[in-house]
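This is final21.tsv (TSV, C-alpha atoms).
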chain	number	residue	atom	x	y	z
A	196	MET	CA	184.75	51.00	231.95
A	197	THR	CA	184.75	54.06	234.19
A	198	THR	CA	184.80	56.71	231.44
A	199	ASN	CA	182.14	59.43	231.50
A	200	LEU	CA	181.22	58.64	227.91
A	201	LYS	CA	178.20	56.47	227.21
A	202	GLU	CA	178.63	53.17	225.43
A	203	GLU	CA	177.06	54.45	222.20
A	204	GLU	CA	179.39	57.48	222.25
A	205	ILE	CA	182.38	55.19	222.60
A	206	GLU	CA	181.15	53.07	219.70
A	207	LYS	CA	180.79	56.19	217.53
A	208	LEU	CA	184.36	57.23	218.32
A	209	ILE	CA	185.67	53.78	217.43
A	210	ALA	CA	183.63	53.86	214.19
A	211	LYS	CA	185.40	57.11	213.27
A	212	LEU	CA	188.69	55.23	213.30
A	213	GLN	CA	187.43	53.06	210.45
A	214	GLU	CA	186.44	56.23	208.59
A	215	VAL	CA	190.01	57.50	209.06
A	216	ASN	CA	191.38	54.25	207.61
A	217	ASN	CA	188.96	54.52	204.68
A	218	GLU	CA	190.21	58.04	203.93
A	219	VAL	CA	193.85	56.93	204.03
A	220	GLY	CA	192.90	53.99	201.80
A	221	LYS	CA	191.99	56.47	199.06
A	222	VAL	CA	195.67	57.12	198.43
A	223	ILE	CA	197.48	54.16	200.07
A	224	VAL	CA	197.18	50.75	198.44
A	225	GLY	CA	197.52	47.79	200.83
A	226	GLN	CA	199.76	48.13	203.92
A	227	THR	CA	196.68	47.40	206.07
A	228	ASP	CA	198.71	45.81	208.88
A	229	VAL	CA	201.13	48.74	209.01
A	230	LEU	CA	198.28	51.26	209.03
A	231	LYS	CA	196.50	49.37	211.82
A	232	LEU	CA	199.61	49.36	214.01
A	233	LEU	CA	200.21	53.03	213.22
A	234	THR	CA	196.68	53.70	214.50
A	235	VAL	CA	197.44	51.61	217.58
A	236	SER	CA	200.44	53.85	218.28
A	237	LEU	CA	198.30	57.01	218.06
A	238	LEU	CA	195.62	55.54	220.35
A	239	ALA	CA	198.27	54.52	222.86
A	240	GLY	CA	199.66	58.06	222.78
A	241	GLY	CA	203.13	57.15	221.58
A	242	HIS	CA	205.57	57.89	218.78
A	243	CYS	CA	206.08	55.53	215.88
A	244	MET	CA	208.95	54.70	213.51
A	245	LEU	CA	208.43	53.32	209.99
A	246	GLU	CA	211.37	51.66	208.26
A	247	GLY	CA	211.54	50.58	204.65
A	248	VAL	CA	213.39	51.14	201.40
A	249	PRO	CA	212.63	54.34	199.46
A	250	GLY	CA	209.46	54.43	197.41
A	251	LEU	CA	207.11	52.45	199.67
A	252	ALA	CA	204.87	55.45	200.50
A	253	LYS	CA	205.95	55.77	204.14
A	254	THR	CA	205.85	59.55	203.99
A	255	LEU	CA	202.58	59.57	202.06
A	256	MET	CA	200.99	57.21	204.59
A	257	ILE	CA	201.86	59.49	207.52
A	258	SER	CA	200.83	62.71	205.77
A	259	SER	CA	197.56	61.09	204.66
A	260	LEU	CA	196.84	59.93	208.19
A	261	ALA	CA	197.52	63.46	209.47
A	262	ASN	CA	195.05	64.84	206.91
A	263	ALA	CA	192.38	62.36	208.02
A	264	ILE	CA	192.77	63.55	211.63
A	265	ASP	CA	192.16	67.20	212.44
A	266	LEU	CA	195.59	67.86	213.95
A	267	THR	CA	198.26	70.39	213.07
A	268	PHE	CA	200.95	68.78	210.95
A	269	LYS	CA	204.51	69.72	210.03
A	270	ARG	CA	207.22	67.86	208.16
A	271	VAL	CA	210.99	68.09	208.61
A	272	GLN	CA	213.23	66.53	205.98
A	273	PHE	CA	216.28	65.29	207.87
A	274	THR	CA	219.54	65.91	206.00
A	275	PRO	CA	223.23	65.74	207.01
A	276	ASP	CA	223.42	69.54	207.42
A	277	LEU	CA	220.24	69.91	209.53
A	278	MET	CA	220.86	71.70	212.84
A	279	PRO	CA	219.02	71.24	216.19
A	280	SER	CA	217.69	74.81	215.94
A	281	ASP	CA	216.05	73.85	212.63
A	282	ILE	CA	213.82	71.52	214.66
A	283	ILE	CA	213.23	73.06	218.09
A	284	GLY	CA	213.61	76.74	217.20
A	285	THR	CA	215.95	79.53	218.20
A	286	GLU	CA	216.07	82.98	219.76
A	287	ILE	CA	215.95	86.01	217.50
A	288	LEU	CA	216.81	89.59	218.37
A	289	GLU	CA	213.87	91.97	218.17
A	290	THR	CA	213.39	95.67	218.89
A	291	ASP	CA	210.49	97.27	220.75
A	292	HIS	CA	209.29	99.98	218.34
A	293	GLN	CA	208.04	102.23	221.15
A	294	SER	CA	210.97	102.11	223.58
A	295	GLY	CA	213.70	101.09	221.18
A	296	GLU	CA	214.73	98.39	223.63
A	297	ARG	CA	216.21	95.26	222.10
A	298	PHE	CA	215.38	91.80	223.42
A	299	PHE	CA	215.58	88.12	222.51
A	300	LYS	CA	212.39	86.29	221.56
A	301	PHE	CA	212.08	82.52	221.16
A	302	GLN	CA	210.89	81.58	217.69
A	303	GLU	CA	209.27	78.17	217.69
A	304	GLY	CA	210.56	75.50	215.33
A	305	PRO	CA	208.51	72.89	213.46
A	306	VAL	CA	208.45	70.60	216.51
A	307	PHE	CA	205.67	72.84	217.87
A	308	THR	CA	202.88	70.92	216.18
A	309	GLN	CA	200.62	67.97	217.00
A	310	ILE	CA	202.00	65.57	214.40
A	311	LEU	CA	205.64	65.96	213.41
A	312	LEU	CA	206.82	63.92	210.45
A	313	ALA	CA	210.54	63.35	210.92
A	314	ASP	CA	211.27	62.20	207.39
A	315	GLU	CA	214.35	60.02	206.89
A	316	ILE	CA	215.39	60.68	210.48
A	317	ASN	CA	218.56	58.60	210.15
A	318	ARG	CA	219.93	60.84	207.37
A	319	THR	CA	221.10	63.39	209.97
A	320	PRO	CA	223.93	63.05	212.54
A	321	PRO	CA	223.23	62.10	216.20
A	322	LYS	CA	223.65	65.71	217.39
A	323	THR	CA	220.53	66.74	215.48
A	324	GLN	CA	218.66	63.51	216.17
A	325	ALA	CA	219.08	64.20	219.89
A	326	ALA	CA	217.20	67.49	219.53
A	327	LEU	CA	214.00	65.44	219.65
A	328	LEU	CA	214.80	63.53	222.86
A	329	GLU	CA	213.24	65.96	225.33
A	330	ALA	CA	210.29	66.69	223.06
A	331	MET	CA	209.48	62.99	222.69
A	332	GLN	CA	209.69	62.19	226.40
A	333	GLU	CA	208.65	65.35	228.28
A	334	ARG	CA	206.51	66.94	225.56
A	335	GLN	CA	208.41	70.20	225.98
A	336	VAL	CA	211.43	72.06	224.65
A	337	SER	CA	214.04	73.71	226.88
A	338	TYR	CA	215.89	76.70	225.47
A	339	ALA	CA	217.94	79.35	227.28
A	340	GLY	CA	216.74	78.12	230.65
A	341	LYS	CA	213.04	78.28	229.79
A	342	HIS	CA	210.58	75.43	229.17
A	343	HIS	CA	208.22	75.66	226.22
A	344	PRO	CA	205.35	73.11	226.33
A	345	LEU	CA	204.35	71.37	223.11
A	346	PRO	CA	200.76	71.12	221.86
A	347	SER	CA	198.61	68.20	222.97
A	348	PRO	CA	198.35	65.58	221.64
A	349	PHE	CA	201.90	65.39	220.29
A	350	PHE	CA	203.30	62.63	218.11
A	351	VAL	CA	206.59	62.11	216.32
A	352	LEU	CA	205.99	59.86	213.33
A	353	ALA	CA	209.36	59.12	211.79
A	354	THR	CA	210.55	57.31	208.69
A	355	GLN	CA	213.97	55.87	208.10
A	356	ASN	CA	215.77	53.94	205.40
A	357	PRO	CA	217.40	50.61	206.28
A	358	VAL	CA	220.68	51.24	208.12
A	359	GLU	CA	222.60	49.30	205.49
A	360	GLN	CA	221.99	52.07	202.95
A	361	ALA	CA	224.61	54.72	202.25
A	362	GLY	CA	224.42	58.02	204.09
A	363	THR	CA	222.57	56.82	207.19
A	364	TYR	CA	223.37	57.38	210.87
A	365	PRO	CA	221.93	54.71	213.21
A	366	LEU	CA	219.73	56.21	215.93
A	367	PRO	CA	221.06	55.93	219.50
A	368	GLU	CA	219.36	53.25	221.61
A	369	ALA	CA	218.04	55.90	224.03
A	370	GLN	CA	216.17	57.59	221.21
A	371	LEU	CA	214.89	54.37	219.67
A	372	ASP	CA	213.46	53.41	223.06
A	373	ARG	CA	211.32	56.56	223.01
A	374	PHE	CA	209.45	55.24	219.99
A	375	LEU	CA	206.48	53.24	221.18
A	376	MET	CA	206.48	51.07	218.05
A	377	PHE	CA	208.85	50.25	215.19
A	378	LEU	CA	207.08	49.18	212.00
A	379	HIS	CA	208.67	47.50	209.01
A	380	VAL	CA	207.14	48.50	205.67
A	381	ASP	CA	207.58	45.79	203.05
A	382	TYR	CA	207.14	45.71	199.29
A	383	PRO	CA	203.53	45.53	198.00
A	384	SER	CA	202.12	42.36	196.49
A	385	GLU	CA	201.91	42.00	192.71
A	386	GLN	CA	198.22	42.96	192.63
A	387	GLU	CA	198.82	45.92	194.97
A	388	GLU	CA	201.65	47.13	192.76
A	389	LEU	CA	199.35	46.94	189.75
A	390	ASP	CA	196.70	48.95	191.63
A	391	ILE	CA	199.33	51.57	192.49
A	392	LEU	CA	200.13	52.00	188.80
A	393	ILE	CA	196.44	52.36	187.93
A	394	ARG	CA	195.84	54.96	190.65
A	395	THR	CA	198.95	57.07	190.21
A	396	THR	CA	199.47	57.30	186.46
A	397	GLY	CA	196.16	58.90	185.50
A	398	ASN	CA	194.53	62.30	186.00
A	399	THR	CA	192.41	61.36	189.02
A	400	LYS	CA	193.65	62.66	192.36
A	401	ALA	CA	192.05	61.57	195.63
A	402	THR	CA	191.27	64.10	198.34
A	403	ILE	CA	191.28	63.20	202.02
A	404	SER	CA	188.74	64.60	204.48
A	405	SER	CA	189.24	64.96	208.23
A	406	LYS	CA	187.18	62.39	210.14
A	407	LEU	CA	188.57	62.62	213.69
A	408	SER	CA	189.18	65.71	215.84
A	409	ALA	CA	191.91	66.27	218.41
A	410	ASN	CA	189.33	65.99	221.21
A	411	ASP	CA	188.04	62.74	219.73
A	412	LEU	CA	191.55	61.31	219.67
A	413	MET	CA	192.28	62.34	223.26
A	414	SER	CA	188.95	60.80	224.35
A	415	LEU	CA	189.96	57.55	222.64
A	416	GLN	CA	193.34	57.68	224.38
A	417	ASN	CA	191.56	57.96	227.74
A	418	ILE	CA	189.32	55.03	226.81
A	419	VAL	CA	192.37	52.94	225.88
A	420	ARG	CA	193.87	53.44	229.35
A	421	GLU	CA	190.65	52.16	230.92
A	422	VAL	CA	190.62	48.91	228.96
A	423	GLU	CA	190.90	46.00	231.39
A	424	ILE	CA	193.90	43.70	231.54
A	425	SER	CA	194.08	40.78	233.95
A	426	GLU	CA	196.88	40.18	236.44
A	427	PRO	CA	198.01	36.95	234.68
A	428	LEU	CA	198.42	38.92	231.45
A	429	LEU	CA	200.36	41.66	233.25
A	430	SER	CA	202.66	38.94	234.60
A	431	TYR	CA	203.01	37.56	231.06
A	432	VAL	CA	204.01	41.03	229.78
A	433	THR	CA	206.53	41.34	232.61
A	434	GLN	CA	208.08	38.02	231.65
A	435	LEU	CA	208.23	38.96	227.97
A	436	SER	CA	210.27	42.03	228.92
A	437	ARG	CA	212.51	40.33	231.46
A	438	GLN	CA	213.22	37.34	229.23
A	439	THR	CA	214.81	39.67	226.65
A	440	ARG	CA	217.67	40.44	229.07
A	441	PRO	CA	220.65	38.06	228.97
A	442	VAL	CA	221.24	38.42	232.74
A	443	THR	CA	217.73	37.28	233.71
A	444	THR	CA	216.57	35.13	230.80
A	445	SER	CA	216.08	31.38	230.67
A	446	ILE	CA	215.80	31.35	226.88
A	447	ASN	CA	218.95	30.02	225.21
A	448	MET	CA	218.67	32.12	222.05
A	449	VAL	CA	218.53	35.30	224.12
A	450	LYS	CA	221.57	34.23	226.17
A	451	GLU	CA	223.50	33.44	223.03
A	452	PHE	CA	222.62	36.27	220.67
A	453	VAL	CA	221.33	39.29	222.64
A	454	LYS	CA	223.73	41.89	224.00
A	455	TRP	CA	221.18	44.20	225.64
A	456	GLY	CA	217.52	43.51	226.37
A	457	ALA	CA	214.49	45.73	226.74
A	458	GLY	CA	214.00	48.13	229.65
A	459	PRO	CA	210.87	48.74	231.76
A	460	ARG	CA	209.46	51.09	229.09
A	461	CYS	CA	208.95	47.99	226.94
A	462	GLY	CA	206.37	46.53	229.34
A	463	GLN	CA	204.49	49.82	229.46
A	464	ALA	CA	204.44	49.93	225.67
A	465	LEU	CA	203.22	46.33	225.39
A	466	VAL	CA	200.32	46.96	227.75
A	467	LEU	CA	199.22	50.25	226.16
A	468	CYS	CA	199.51	48.92	222.61
A	469	ALA	CA	197.64	45.74	223.52
A	470	LYS	CA	194.85	47.86	225.02
A	471	ALA	CA	194.68	49.97	221.86
A	472	HIS	CA	194.63	46.82	219.73
A	473	ALA	CA	191.73	45.50	221.80
A	474	ILE	CA	189.77	48.73	221.22
A	475	LEU	CA	190.34	48.45	217.46
A	476	SER	CA	189.00	44.90	217.67
A	477	GLY	CA	185.86	46.14	219.47
A	478	ARG	CA	186.78	44.76	222.88
A	479	PHE	CA	187.28	46.43	226.26
A	480	ALA	CA	189.50	43.73	227.72
A	481	VAL	CA	192.97	42.64	226.58
A	482	THR	CA	193.54	39.08	225.40
A	483	ILE	CA	196.85	37.30	224.89
A	484	GLU	CA	196.29	37.66	221.12
A	485	ASP	CA	196.37	41.46	221.52
A	486	ILE	CA	199.75	41.28	223.24
A	487	GLN	CA	201.20	38.95	220.63
A	488	ALA	CA	199.82	41.08	217.79
A	489	VAL	CA	201.84	44.12	218.92
A	490	ALA	CA	204.87	42.31	220.39
A	491	ASP	CA	207.05	42.45	217.27
A	492	ALA	CA	206.55	46.19	216.73
A	493	VAL	CA	207.15	46.96	220.41
A	494	LEU	CA	210.19	44.71	220.91
A	495	ARG	CA	211.97	45.02	217.55
A	496	HIS	CA	213.91	48.22	218.28
A	497	ARG	CA	214.56	47.48	221.95
A	498	LEU	CA	216.83	44.46	221.49
A	499	LEU	CA	220.51	44.89	220.65
A	500	LEU	CA	222.04	41.78	219.14
A	501	ASN	CA	225.71	40.82	219.49
A	502	PHE	CA	228.33	40.10	216.83
A	503	LYS	CA	227.64	36.38	217.00
A	504	ALA	CA	224.04	36.99	215.91
A	505	GLU	CA	225.25	39.08	212.96
A	506	ALA	CA	227.79	36.42	211.98
A	507	GLN	CA	225.15	33.69	212.02
A	508	ASN	CA	222.50	35.85	210.33
A	509	ILE	CA	220.19	35.77	213.35
A	510	SER	CA	217.63	38.58	213.11
A	511	VAL	CA	215.64	40.35	215.81
A	512	GLY	CA	212.51	38.74	214.39
A	513	ILE	CA	213.89	35.27	215.09
A	514	ILE	CA	214.59	36.24	218.71
A	515	ILE	CA	211.07	37.67	219.14
A	516	ASN	CA	209.54	34.48	217.72
A	517	ALA	CA	211.56	32.49	220.25
A	518	LEU	CA	210.27	34.72	223.05
A	519	LEU	CA	206.63	34.33	221.98
A	520	THR	CA	207.11	30.58	221.71
A	521	ASP	CA	209.09	29.91	224.88
A	522	VAL	CA	207.72	32.39	227.45
A	523	ALA	CA	205.04	30.56	229.44
A	524	LYS	CA	201.54	31.73	228.64
A	525	PRO	CA	198.93	32.24	231.38
A	526	VAL	CA	196.79	29.21	232.09
A	527	SER	CA	193.78	31.51	232.34
A	528	PRO	CA	194.70	34.51	230.17
A	529	LEU	CA	191.53	36.52	230.95

If you took the structure in this file and wrote it as structure tokens, what would it be?
Amino acid sequence: MTTNLKEEEIEKLIAKLQEVNNEVGKVIVGQTDVLKLLTVSLLAGGHCMLEGVPGLAKTLMISSLANAIDLTFKRVQFTPDLMPSDIIGTEILETDHQSGERFFKFQEGPVFTQILLADEINRTPPKTQAALLEAMQERQVSYAGKHHPLPSPFFVLATQNPVEQAGTYPLPEAQLDRFLMFLHVDYPSEQEELDILIRTTGNTKATISSKLSANDLMSLQNIVREVEISEPLLSYVTQLSRQTRPVTTSINMVKEFVKWGAGPRCGQALVLCAKAHAILSGRFAVTIEDIQAVADAVLRHRLLLNFKAEAQNISVGIIINALLTDVAKPVSPL
């Protein structure tokens, strides 16, 4: 580790992450795996998408996490009539009271925050979805020929309903690729559902305290980038990405059922997320288990299946399992 922080300072920062999870746990029952991967996404400095049917506390999870971290937070409810200017902002005509001169002034939209909750992002048409493209990649907004930088750190945490539901517009592949991770939120277990009823049908209301500052989070992001990863593991990540592409793969299931594979951004995401996962596990070196732990969330939205896969009920998860099984693992992974 080459960071300027001492080892005990790093350990204190990592301990704060557990405090953040404890705060979120006051209002969220279960979903520990989803919350861990959501934290991985923040540590890796990337955006995250949560998909699940209505009522699974996706929005509450994100807003609770924002409250547990001392970052500015805004929420946009995506609807069919939402316009791009409702997200990025617009110019308004103002008058100088002294000179009487009239001029246009850019009024910032809700995207000018550190955590933006794009709620039900696939409820709005592609024209409005695309308003986030530049913000997610370049961390800036261009309007009327001028560039307006966004605050740092900046995250888009989005929720969406399954695309099979009525009134949804599938996100373009280019925008999906800008999400570092894609998390599936499933139904709670029977005991968790009972706990939800106990917590939410009485008079007691939990309050969440901030446990991590913006500077703390950016320090952790710098630490994540300094986590070691061996050359054999980098080669393994490269192969995981390349084997998703029908033109270069040697895996039969990919050849048969995948129309488009993952681009180079996938490898970058795998490495950064694996490093963040290692930090959460108290290690400063990536293992193959770290890569495999984040592989599903990193790959899931970057593979486009063909009609044959749909006809035979072959899911993206089945393809990812085939990749993790068939891609040769390093003989000496560390």

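Of the residues under consideration (A:Glu202, A:Leu208, A:Val419, A:Asn217), A:Asn217 shows the shortest atom-to-atom contact distance to Thr402 in chain A when counting all atoms listed in the file.
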
| query | What gap, in Å, lies between CA of Pro321 in chain A and CA of Val489 in chain A? | reply | 28.1 Å

| task | Tell me which of A:Leu428, A:Val248, A:Val511, A:Ile264 sits closest to Asn356 in chain A, counting all atoms listed in the file. | result | A:Val248

| task | Mind listing whatever residues come within 8 Å of the point (201.2, 61.3, 216.9)? Use all atoms listed in the file, file coordinates, and give them as a PyMOL selection string. | result | chain A and resi 236-237+240-243+309-311+348-352

Selected residues written out, C-alpha atoms, as a PDB file, in the coordinates of the input:
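Final output, saved to again_11.pdb:
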ATOM      1  CA  SER A 236     200.440  53.850 218.280  1.00  0.00           C
ATOM      2  CA  LEU A 237     198.300  57.010 218.060  1.00  0.00           C
ATOM      3  CA  GLY A 240     199.660  58.060 222.780  1.00  0.00           C
ATOM      4  CA  GLY A 241     203.130  57.150 221.580  1.00  0.00           C
ATOM      5  CA  HIS A 242     205.570  57.890 218.780  1.00  0.00           C
ATOM      6  CA  CYS A 243     206.080  55.530 215.880  1.00  0.00           C
ATOM      7  CA  GLN A 309     200.620  67.970 217.000  1.00  0.00           C
ATOM      8  CA  ILE A 310     202.000  65.570 214.400  1.00  0.00           C
ATOM      9  CA  LEU A 311     205.640  65.960 213.410  1.00  0.00           C
ATOM     10  CA  PRO A 348     198.350  65.580 221.640  1.00  0.00           C
ATOM     11  CA  PHE A 349     201.900  65.390 220.290  1.00  0.00           C
ATOM     12  CA  PHE A 350     203.300  62.630 218.110  1.00  0.00           C
ATOM     13  CA  VAL A 351     206.590  62.110 216.320  1.00  0.00           C
ATOM     14  CA  LEU A 352     205.990  59.860 213.330  1.00  0.00           C
TER      15      LEU A 352
END

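One distance worth recording is that between CA of Pro249 in chain A and CA of Asp265 in chain A, which is 27.4 Å.
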
| field | Residues near Val222 in chain A, cut-off 8 Å, only C-alpha atoms, skip fewer than 4 positions along chain, as a list in words | value | Glu218, Ser259 and Ala401 of chain A

Written file, previous selection with C-alpha atoms, as a compact mmCIF listing (two decimals), in the coordinates of the input:
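Generated file (part.txt):
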# COMPACT_ATOMS: atom_id res chain seq x y z
CA GLU A 218 190.21 58.04 203.93
CA SER A 259 197.56 61.09 204.66
CA ALA A 401 192.05 61.57 195.63

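Nearest-residue note for Leu232 in chain A: choosing from A:Gly220, A:Asp521, A:Thr290, A:Leu245, the minimum distance belongs to A:Leu245, counting only C-alpha atoms.
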
| message | I'd like the contact shell of Gln335 in chain A - 7 Å cut-off, all atoms listed in the file, skipping same-chain residues fewer than 6 positions apart - returned as JSON, numbers by chain. | response | {"A": [329, 342, 343, 344, 345]}

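Here CA of Ala330 in chain A and CA of Phe299 in chain A stand 22.1 Å from one another.
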
| Using all atoms listed in the file, which residues sit within 7 Å of Phe479 in chain A once same-chain residues fewer than 6 positions away are excluded, as an NGL selection string? | :A and (422-423 or 473)

| said: List as a list in words the protein and nucleic acid residues near Pro275 in chain A, meaning an atom at most 12 Å away when only C-alpha atoms are counted, but skip any in the same chain fewer than 2 places from it. | reply: Gln272, Phe273, Leu277, Met278, Pro279, Glu315, Ile316, Asn317, Arg318, Thr319, Pro320, Pro321, Lys322, Thr323, Gln324, Gly362, Thr363 and Tyr364 of chain A

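With distances taken over all atoms listed in the file, A:Ala239 is the one residue among A:Ala239, A:Val522, A:Ala353, A:Val432 lying closest to Asn417 in chain A.
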
| With distances taken over all atoms listed in the file, which of A:Ala326, A:Leu475, A:Val336, A:Val271 is nearest to Pro305 in chain A? | A:Val271

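Each of A:Ala339, A:Cys468, A:Ala492, A:Leu389 was compared to Glu246 in chain A using all atoms listed in the file, and A:Ala492 turns out to be the nearest.
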
Give me, as a PDB file with C-alpha atoms, in the coordinates of the input, all polymer residues having an atom no more than 12 Å from range 448-457 of chain A, counting all atoms listed in the file and skipping those fewer than 3 positions away in the same chain.
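Done, and the output landed in result19.pdb:
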ATOM      1  CA  GLU A 368     219.360  53.250 221.610  1.00  0.00           C
ATOM      2  CA  ALA A 369     218.040  55.900 224.030  1.00  0.00           C
ATOM      3  CA  LEU A 371     214.890  54.370 219.670  1.00  0.00           C
ATOM      4  CA  ASP A 372     213.460  53.410 223.060  1.00  0.00           C
ATOM      5  CA  ARG A 373     211.320  56.560 223.010  1.00  0.00           C
ATOM      6  CA  VAL A 432     204.010  41.030 229.780  1.00  0.00           C
ATOM      7  CA  THR A 433     206.530  41.340 232.610  1.00  0.00           C
ATOM      8  CA  GLN A 434     208.080  38.020 231.650  1.00  0.00           C
ATOM      9  CA  LEU A 435     208.230  38.960 227.970  1.00  0.00           C
ATOM     10  CA  SER A 436     210.270  42.030 228.920  1.00  0.00           C
ATOM     11  CA  ARG A 437     212.510  40.330 231.460  1.00  0.00           C
ATOM     12  CA  GLN A 438     213.220  37.340 229.230  1.00  0.00           C
ATOM     13  CA  THR A 439     214.810  39.670 226.650  1.00  0.00           C
ATOM     14  CA  ARG A 440     217.670  40.440 229.070  1.00  0.00           C
ATOM     15  CA  PRO A 441     220.650  38.060 228.970  1.00  0.00           C
ATOM     16  CA  VAL A 442     221.240  38.420 232.740  1.00  0.00           C
ATOM     17  CA  THR A 443     217.730  37.280 233.710  1.00  0.00           C
ATOM     18  CA  THR A 444     216.570  35.130 230.800  1.00  0.00           C
ATOM     19  CA  SER A 445     216.080  31.380 230.670  1.00  0.00           C
ATOM     20  CA  ARG A 460     209.460  51.090 229.090  1.00  0.00           C
ATOM     21  CA  CYS A 461     208.950  47.990 226.940  1.00  0.00           C
ATOM     22  CA  GLY A 462     206.370  46.530 229.340  1.00  0.00           C
ATOM     23  CA  GLN A 463     204.490  49.820 229.460  1.00  0.00           C
ATOM     24  CA  ALA A 464     204.440  49.930 225.670  1.00  0.00           C
ATOM     25  CA  LEU A 465     203.220  46.330 225.390  1.00  0.00           C
ATOM     26  CA  VAL A 493     207.150  46.960 220.410  1.00  0.00           C
ATOM     27  CA  LEU A 494     210.190  44.710 220.910  1.00  0.00           C
ATOM     28  CA  ARG A 495     211.970  45.020 217.550  1.00  0.00           C
ATOM     29  CA  HIS A 496     213.910  48.220 218.280  1.00  0.00           C
ATOM     30  CA  ARG A 497     214.560  47.480 221.950  1.00  0.00           C
ATOM     31  CA  LEU A 498     216.830  44.460 221.490  1.00  0.00           C
ATOM     32  CA  LEU A 499     220.510  44.890 220.650  1.00  0.00           C
ATOM     33  CA  LEU A 500     222.040  41.780 219.140  1.00  0.00           C
ATOM     34  CA  ASN A 501     225.710  40.820 219.490  1.00  0.00           C
ATOM     35  CA  PHE A 502     228.330  40.100 216.830  1.00  0.00           C
ATOM     36  CA  LYS A 503     227.640  36.380 217.000  1.00  0.00           C
ATOM     37  CA  ALA A 504     224.040  36.990 215.910  1.00  0.00           C
ATOM     38  CA  GLU A 505     225.250  39.080 212.960  1.00  0.00           C
ATOM     39  CA  ALA A 506     227.790  36.420 211.980  1.00  0.00           C
ATOM     40  CA  GLN A 507     225.150  33.690 212.020  1.00  0.00           C
ATOM     41  CA  ASN A 508     222.500  35.850 210.330  1.00  0.00           C
ATOM     42  CA  ILE A 509     220.190  35.770 213.350  1.00  0.00           C
ATOM     43  CA  SER A 510     217.630  38.580 213.110  1.00  0.00           C
ATOM     44  CA  VAL A 511     215.640  40.350 215.810  1.00  0.00           C
ATOM     45  CA  GLY A 512     212.510  38.740 214.390  1.00  0.00           C
ATOM     46  CA  ILE A 513     213.890  35.270 215.090  1.00  0.00           C
ATOM     47  CA  ILE A 514     214.590  36.240 218.710  1.00  0.00           C
ATOM     48  CA  ILE A 515     211.070  37.670 219.140  1.00  0.00           C
ATOM     49  CA  ASN A 516     209.540  34.480 217.720  1.00  0.00           C
ATOM     50  CA  ALA A 517     211.560  32.490 220.250  1.00  0.00           C
ATOM     51  CA  LEU A 518     210.270  34.720 223.050  1.00  0.00           C
ATOM     52  CA  THR A 520     207.110  30.580 221.710  1.00  0.00           C
ATOM     53  CA  ASP A 521     209.090  29.910 224.880  1.00  0.00           C
ATOM     54  CA  VAL A 522     207.720  32.390 227.450  1.00  0.00           C
TER      55      VAL A 522
END

| Point (208.7, 44.4, 205.0) neighbourhood (12 Å, all atoms listed in the file) written as number ranges by chain | A: 226, 228-229, 245-248, 251, 253, 356-357, 377-384, 512

Dump of C-alpha atoms for the selected residues, as a PDB file, in the coordinates of the input:
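What ended up in out21.pdb:
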ATOM      1  CA  GLN A 226     199.760  48.130 203.920  1.00  0.00           C
ATOM      2  CA  ASP A 228     198.710  45.810 208.880  1.00  0.00           C
ATOM      3  CA  VAL A 229     201.130  48.740 209.010  1.00  0.00           C
ATOM      4  CA  LEU A 245     208.430  53.320 209.990  1.00  0.00           C
ATOM      5  CA  GLU A 246     211.370  51.660 208.260  1.00  0.00           C
ATOM      6  CA  GLY A 247     211.540  50.580 204.650  1.00  0.00           C
ATOM      7  CA  VAL A 248     213.390  51.140 201.400  1.00  0.00           C
ATOM      8  CA  LEU A 251     207.110  52.450 199.670  1.00  0.00           C
ATOM      9  CA  LYS A 253     205.950  55.770 204.140  1.00  0.00           C
ATOM     10  CA  ASN A 356     215.770  53.940 205.400  1.00  0.00           C
ATOM     11  CA  PRO A 357     217.400  50.610 206.280  1.00  0.00           C
ATOM     12  CA  PHE A 377     208.850  50.250 215.190  1.00  0.00           C
ATOM     13  CA  LEU A 378     207.080  49.180 212.000  1.00  0.00           C
ATOM     14  CA  HIS A 379     208.670  47.500 209.010  1.00  0.00           C
ATOM     15  CA  VAL A 380     207.140  48.500 205.670  1.00  0.00           C
ATOM     16  CA  ASP A 381     207.580  45.790 203.050  1.00  0.00           C
ATOM     17  CA  TYR A 382     207.140  45.710 199.290  1.00  0.00           C
ATOM     18  CA  PRO A 383     203.530  45.530 198.000  1.00  0.00           C
ATOM     19  CA  SER A 384     202.120  42.360 196.490  1.00  0.00           C
ATOM     20  CA  GLY A 512     212.510  38.740 214.390  1.00  0.00           C
TER      21      GLY A 512
END

Will you model N, CA and C atoms for range 412-416 of chain A and pass it back as a PDB file, keeping the file's coordinate frame?
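Now in out26.pdb:
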ATOM      1  N   LEU A 412     190.370  62.155 219.487  1.00  0.00           N
ATOM      2  CA  LEU A 412     191.550  61.310 219.670  1.00  0.00           C
ATOM      3  C   LEU A 412     191.950  61.234 221.141  1.00  0.00           C
ATOM      4  N   MET A 413     191.915  62.361 221.847  1.00  0.00           N
ATOM      5  CA  MET A 413     192.280  62.340 223.260  1.00  0.00           C
ATOM      6  C   MET A 413     191.249  61.557 224.083  1.00  0.00           C
ATOM      7  N   SER A 414     189.976  61.612 223.683  1.00  0.00           N
ATOM      8  CA  SER A 414     188.950  60.800 224.350  1.00  0.00           C
ATOM      9  C   SER A 414     189.236  59.312 224.147  1.00  0.00           C
ATOM     10  N   LEU A 415     189.622  58.951 222.921  1.00  0.00           N
ATOM     11  CA  LEU A 415     189.960  57.550 222.640  1.00  0.00           C
ATOM     12  C   LEU A 415     191.185  57.115 223.434  1.00  0.00           C
ATOM     13  N   GLN A 416     192.160  58.008 223.587  1.00  0.00           N
ATOM     14  CA  GLN A 416     193.340  57.680 224.380  1.00  0.00           C
ATOM     15  C   GLN A 416     192.965  57.416 225.840  1.00  0.00           C
TER      16      GLN A 416
END
